[in-house]
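Reviewing the structure listed below.
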Amino acid sequence: MKHRKLFAMVFALLLSVSLAGCGDDKDKKPNTPSDKPIETTKVAAKVNIDYLEKAEKKDLSNATTFIKPEVANSPYLTKLLVTTDKKITDIQFIEVEMGDATGEKIAYFTKKVIYEQDEMSKEKPLIFGTEFPGFTPTLLMTYKDEVGGKKIFSIGMSGEDNAIIVKPALLADTKADQPETKPTDQTKPKPSTKPSNVANADMRFVTSEEVAAMSNAVVYTDTNVTNQAYAVPMMLKSSQAIKNLTVYDITVSADANGNSTFLLNSTLYTLPELGANQPFIYNAEYPGVVPARLISYTLANGEQHSFMLSMSGKDGSLVSVPASLNN
């Protein structure tokens, strides 16, 4: 009898504990996903531009095609394939001319918008027909993606292996729809006299009247001048004496990574010493956007300065592009 009572008491105790446990489960919240939205990191779209001929195995049945009208029948027509892994919007292809360098980016100036498209997706790439007149980029692509902000890239061709080079760029829309002007035999260029800020020296375009008024100037005429009437005088003047002033003939190109490089072809002129504030007059053909000449000199403390001569696509002023002879 005592055993039965003891068993009943133990059973009642276990039952009460079990019921209490069930009561606790009712108070617990179900194991459901949180109502708080999960934050996702936005990733920039990966846009790729390359020769169409390299995409033989891709399905391009849904591709949009645009051929620049003026080169549609040109033997130099080049077709590019533009693809993206994510949706991009507000797409533009712009014909440009090169301006000045700002840090690692080059600023370009709009000549005209060639093509516009509202959006592009991974499933619908773009076939774009154009031509490359040289190794200096004349085409930009701009677009927006989910990260926000306008993305700007120059599209050019490598001087080393003709590979397509796409690099981040800057766009200053100050020359939209302006006709391109080139020197002719009847019209001599009128360069800006805005000085180029060369370290420890000043170099700028000058007029023939200014040159005539200089009594102690050292004058050198480049070998590229075939007609003296069209020689463009440029003046280098330093506040301190400089030594080993040298003019080099160079060739500028871009490597496979899109980095600008130059090759020293020959030494055209060397001046052992130029006095403080003594003008050095350099007569040469009107410099283009792509440098063809490099000037170097040494200060009294042994510090060497080198720069390539170029021209601003914005205002025609002389541009000095820093360079290192150690390249």
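By order in the structure tokens, chains are A, B, ...; within a chain, residues start at 1; ligands start at 1, following the order shown.
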> Contacts of region 238-246 of chain A at 8 Å or less, counting only C-alpha atoms, minus same-chain residues fewer than 5 places along, as a list in words?
Replying inline: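 Here the qualifying residues turn out to be Asn200, Ala201, Asp202, Thr267, Leu268, Tyr269, Thr270, Leu271, Pro272, Glu273, Leu274, Gly275, Ala276, Asn277, Gln278, Pro279, Ile295, Ser296, Tyr297, Thr298, Leu299 and Ala300 of chain A.
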Let me see the file: selected residues, N, CA and C atoms, as a tab-separated table (two decimals), in the first residue's frame.
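Now in again_28.tsv:
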chain	number	residue	atom	x	y	z
A	200	ASN	N	59.34	75.43	-61.09
A	200	ASN	CA	60.50	76.32	-61.02
A	200	ASN	C	60.77	77.07	-62.32
A	201	ALA	N	59.85	77.02	-63.24
A	201	ALA	CA	60.03	77.74	-64.49
A	201	ALA	C	58.66	78.04	-65.08
A	202	ASP	N	58.65	78.91	-66.09
A	202	ASP	CA	57.41	79.27	-66.73
A	202	ASP	C	57.60	79.11	-68.23
A	267	THR	N	68.02	63.10	-79.31
A	267	THR	CA	68.25	64.41	-78.69
A	267	THR	C	68.34	65.45	-79.80
A	268	LEU	N	67.49	66.45	-79.74
A	268	LEU	CA	67.44	67.46	-80.80
A	268	LEU	C	68.31	68.67	-80.49
A	269	TYR	N	68.42	69.01	-79.21
A	269	TYR	CA	69.14	70.24	-78.86
A	269	TYR	C	69.55	70.18	-77.39
A	270	THR	N	70.74	70.72	-77.11
A	270	THR	CA	71.22	70.81	-75.72
A	270	THR	C	71.86	72.17	-75.49
A	271	LEU	N	71.47	72.81	-74.40
A	271	LEU	CA	72.04	74.09	-73.99
A	271	LEU	C	72.70	73.89	-72.63
A	272	PRO	N	74.01	74.09	-72.53
A	272	PRO	CA	74.70	73.83	-71.26
A	272	PRO	C	74.16	74.64	-70.09
A	273	GLU	N	73.82	75.92	-70.33
A	273	GLU	CA	73.35	76.75	-69.21
A	273	GLU	C	72.46	77.87	-69.73
A	274	LEU	N	71.43	78.18	-68.95
A	274	LEU	CA	70.53	79.29	-69.24
A	274	LEU	C	70.46	80.15	-67.98
A	275	GLY	N	70.75	81.42	-68.12
A	275	GLY	CA	70.81	82.31	-66.97
A	275	GLY	C	69.45	82.57	-66.34
A	276	ALA	N	69.46	83.05	-65.11
A	276	ALA	CA	68.23	83.39	-64.40
A	276	ALA	C	67.46	84.45	-65.19
A	277	ASN	N	66.19	84.21	-65.41
A	277	ASN	CA	65.29	85.11	-66.15
A	277	ASN	C	65.72	85.35	-67.60
A	278	GLN	N	66.60	84.50	-68.10
A	278	GLN	CA	66.99	84.61	-69.51
A	278	GLN	C	66.02	83.77	-70.34
A	279	PRO	N	65.42	84.35	-71.39
A	279	PRO	CA	64.42	83.61	-72.16
A	279	PRO	C	65.07	82.56	-73.07
A	295	ILE	N	61.11	68.25	-72.83
A	295	ILE	CA	62.16	69.18	-72.42
A	295	ILE	C	62.58	68.84	-70.99
A	296	SER	N	63.88	68.82	-70.75
A	296	SER	CA	64.38	68.58	-69.40
A	296	SER	C	65.47	69.60	-69.08
A	297	TYR	N	65.64	69.86	-67.79
A	297	TYR	CA	66.70	70.76	-67.34
A	297	TYR	C	67.04	70.42	-65.90
A	298	THR	N	68.18	70.93	-65.43
A	298	THR	CA	68.65	70.66	-64.08
A	298	THR	C	68.86	71.96	-63.33
A	299	LEU	N	68.38	72.01	-62.09
A	299	LEU	CA	68.57	73.19	-61.26
A	299	LEU	C	69.96	73.17	-60.62
A	300	ALA	N	70.32	74.26	-59.98
A	300	ALA	CA	71.65	74.36	-59.37
A	300	ALA	C	71.87	73.32	-58.28
>> For a test of reading the model, state the distance in Å between CA of Ile94 (chain A) and CA of Asp145 (chain A), rounded to one decimal.
In response: 18.2 Å
> Which residues come within 8 Å of Gln117 (chain A), counting only C-alpha atoms, excluding same-chain residues fewer than 2 positions away, as a PyMOL selection string?
Replying inline: chain A and resi 89-92+115+119-120
> Residues at most 7 Å from Thr221 (chain A), counting only C-alpha atoms, excluding those fewer than 5 positions away in the same chain, as an MDAnalysis selection string?
Replying inline: chainID A and resid 282:284
>> What's around region 205-207 of chain A at 6 Å? Count only C-alpha atoms, leave out sequence neighbours fewer than 2 positions away in its own chain, and write the answer as a list in words.
In response: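 The neighbour list is Thr193, Glu209, Glu210, Pro233 and Met234 of chain A.
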For C-alpha atoms, I'd like the residues from the last selection saved as a short mmCIF file (atom, residue, chain, number, x, y, z; two decimals), in the first residue's frame.
data_model
loop_
_atom_site.label_atom_id
_atom_site.label_comp_id
_atom_site.auth_asym_id
_atom_site.auth_seq_id
_atom_site.Cartn_x
_atom_site.Cartn_y
_atom_site.Cartn_z
CA THR A 193 49.24 82.86 -74.18
CA GLU A 209 56.75 90.81 -81.54
CA GLU A 210 57.67 89.74 -78.01
CA PRO A 233 57.37 80.42 -80.65
CA MET A 234 57.31 79.19 -77.06
#
> Counting only C-alpha atoms, which of A:Ala229, A:Val71, A:Leu81, A:Gly149 gets nearest to Glu53 (chain A)?
Replying inline: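 For Glu53 (chain A), the nearest of the candidates is A:Leu81.
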> Between A:Lys54, A:Lys151, A:Phe132, A:Asn48, which has the minimum distance to Val166 (chain A) (counting only C-alpha atoms)?
Replying inline: A:Asn48
>> One decimal, in Å: what's the spacing between CA of Pro137 (chain A) and CA of Ser154 (chain A)?
In response: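 Distance reported for this atom pair: 6.3 Å.
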> What's the 9 Å shell around region 85-88 of chain A, counting only C-alpha atoms, without same-chain residues fewer than 4 positions away, as a ChimeraX atom specification?
Replying inline: /A:44-48,118-123,143-146
Write out as a PDB file with N, CA and C atoms, in the first residue's frame each polymer residue whose atoms come within 10 Å of Pro168 (chain A), counting only C-alpha atoms; drop sequence neighbours fewer than 4 positions from it.
ATOM      1  N   GLU A 104      45.132  61.014 -61.866  1.00  0.00           N
ATOM      2  CA  GLU A 104      45.306  59.876 -62.750  1.00  0.00           C
ATOM      3  C   GLU A 104      44.296  59.870 -63.889  1.00  0.00           C
ATOM      4  N   LYS A 105      43.392  60.843 -63.907  1.00  0.00           N
ATOM      5  CA  LYS A 105      42.371  60.897 -64.947  1.00  0.00           C
ATOM      6  C   LYS A 105      42.649  62.052 -65.912  1.00  0.00           C
ATOM      7  N   ILE A 106      42.192  61.884 -67.143  1.00  0.00           N
ATOM      8  CA  ILE A 106      42.317  62.922 -68.164  1.00  0.00           C
ATOM      9  C   ILE A 106      40.942  63.511 -68.411  1.00  0.00           C
ATOM     10  N   ALA A 107      40.874  64.840 -68.493  1.00  0.00           N
ATOM     11  CA  ALA A 107      39.613  65.521 -68.776  1.00  0.00           C
ATOM     12  C   ALA A 107      39.422  65.607 -70.286  1.00  0.00           C
ATOM     13  N   LEU A 140      34.066  58.544 -75.535  1.00  0.00           N
ATOM     14  CA  LEU A 140      33.754  58.278 -74.133  1.00  0.00           C
ATOM     15  C   LEU A 140      32.429  57.533 -74.043  1.00  0.00           C
ATOM     16  N   MET A 141      32.305  56.705 -73.010  1.00  0.00           N
ATOM     17  CA  MET A 141      31.022  56.098 -72.655  1.00  0.00           C
ATOM     18  C   MET A 141      30.664  56.545 -71.246  1.00  0.00           C
ATOM     19  N   LYS A 151      29.182  57.239 -64.327  1.00  0.00           N
ATOM     20  CA  LYS A 151      30.473  56.608 -64.604  1.00  0.00           C
ATOM     21  C   LYS A 151      30.935  57.067 -65.988  1.00  0.00           C
ATOM     22  N   ILE A 152      32.201  57.446 -66.088  1.00  0.00           N
ATOM     23  CA  ILE A 152      32.740  57.964 -67.343  1.00  0.00           C
ATOM     24  C   ILE A 152      34.024  57.222 -67.681  1.00  0.00           C
ATOM     25  N   PHE A 153      34.094  56.680 -68.887  1.00  0.00           N
ATOM     26  CA  PHE A 153      35.270  55.931 -69.322  1.00  0.00           C
ATOM     27  C   PHE A 153      35.658  56.340 -70.739  1.00  0.00           C
ATOM     28  N   SER A 154      36.954  56.479 -70.954  1.00  0.00           N
ATOM     29  CA  SER A 154      37.451  56.706 -72.314  1.00  0.00           C
ATOM     30  C   SER A 154      37.672  55.352 -72.972  1.00  0.00           C
ATOM     31  N   ILE A 155      37.475  55.316 -74.292  1.00  0.00           N
ATOM     32  CA  ILE A 155      37.658  54.086 -75.065  1.00  0.00           C
ATOM     33  C   ILE A 155      38.722  54.368 -76.114  1.00  0.00           C
TER      34      ILE A 155
END
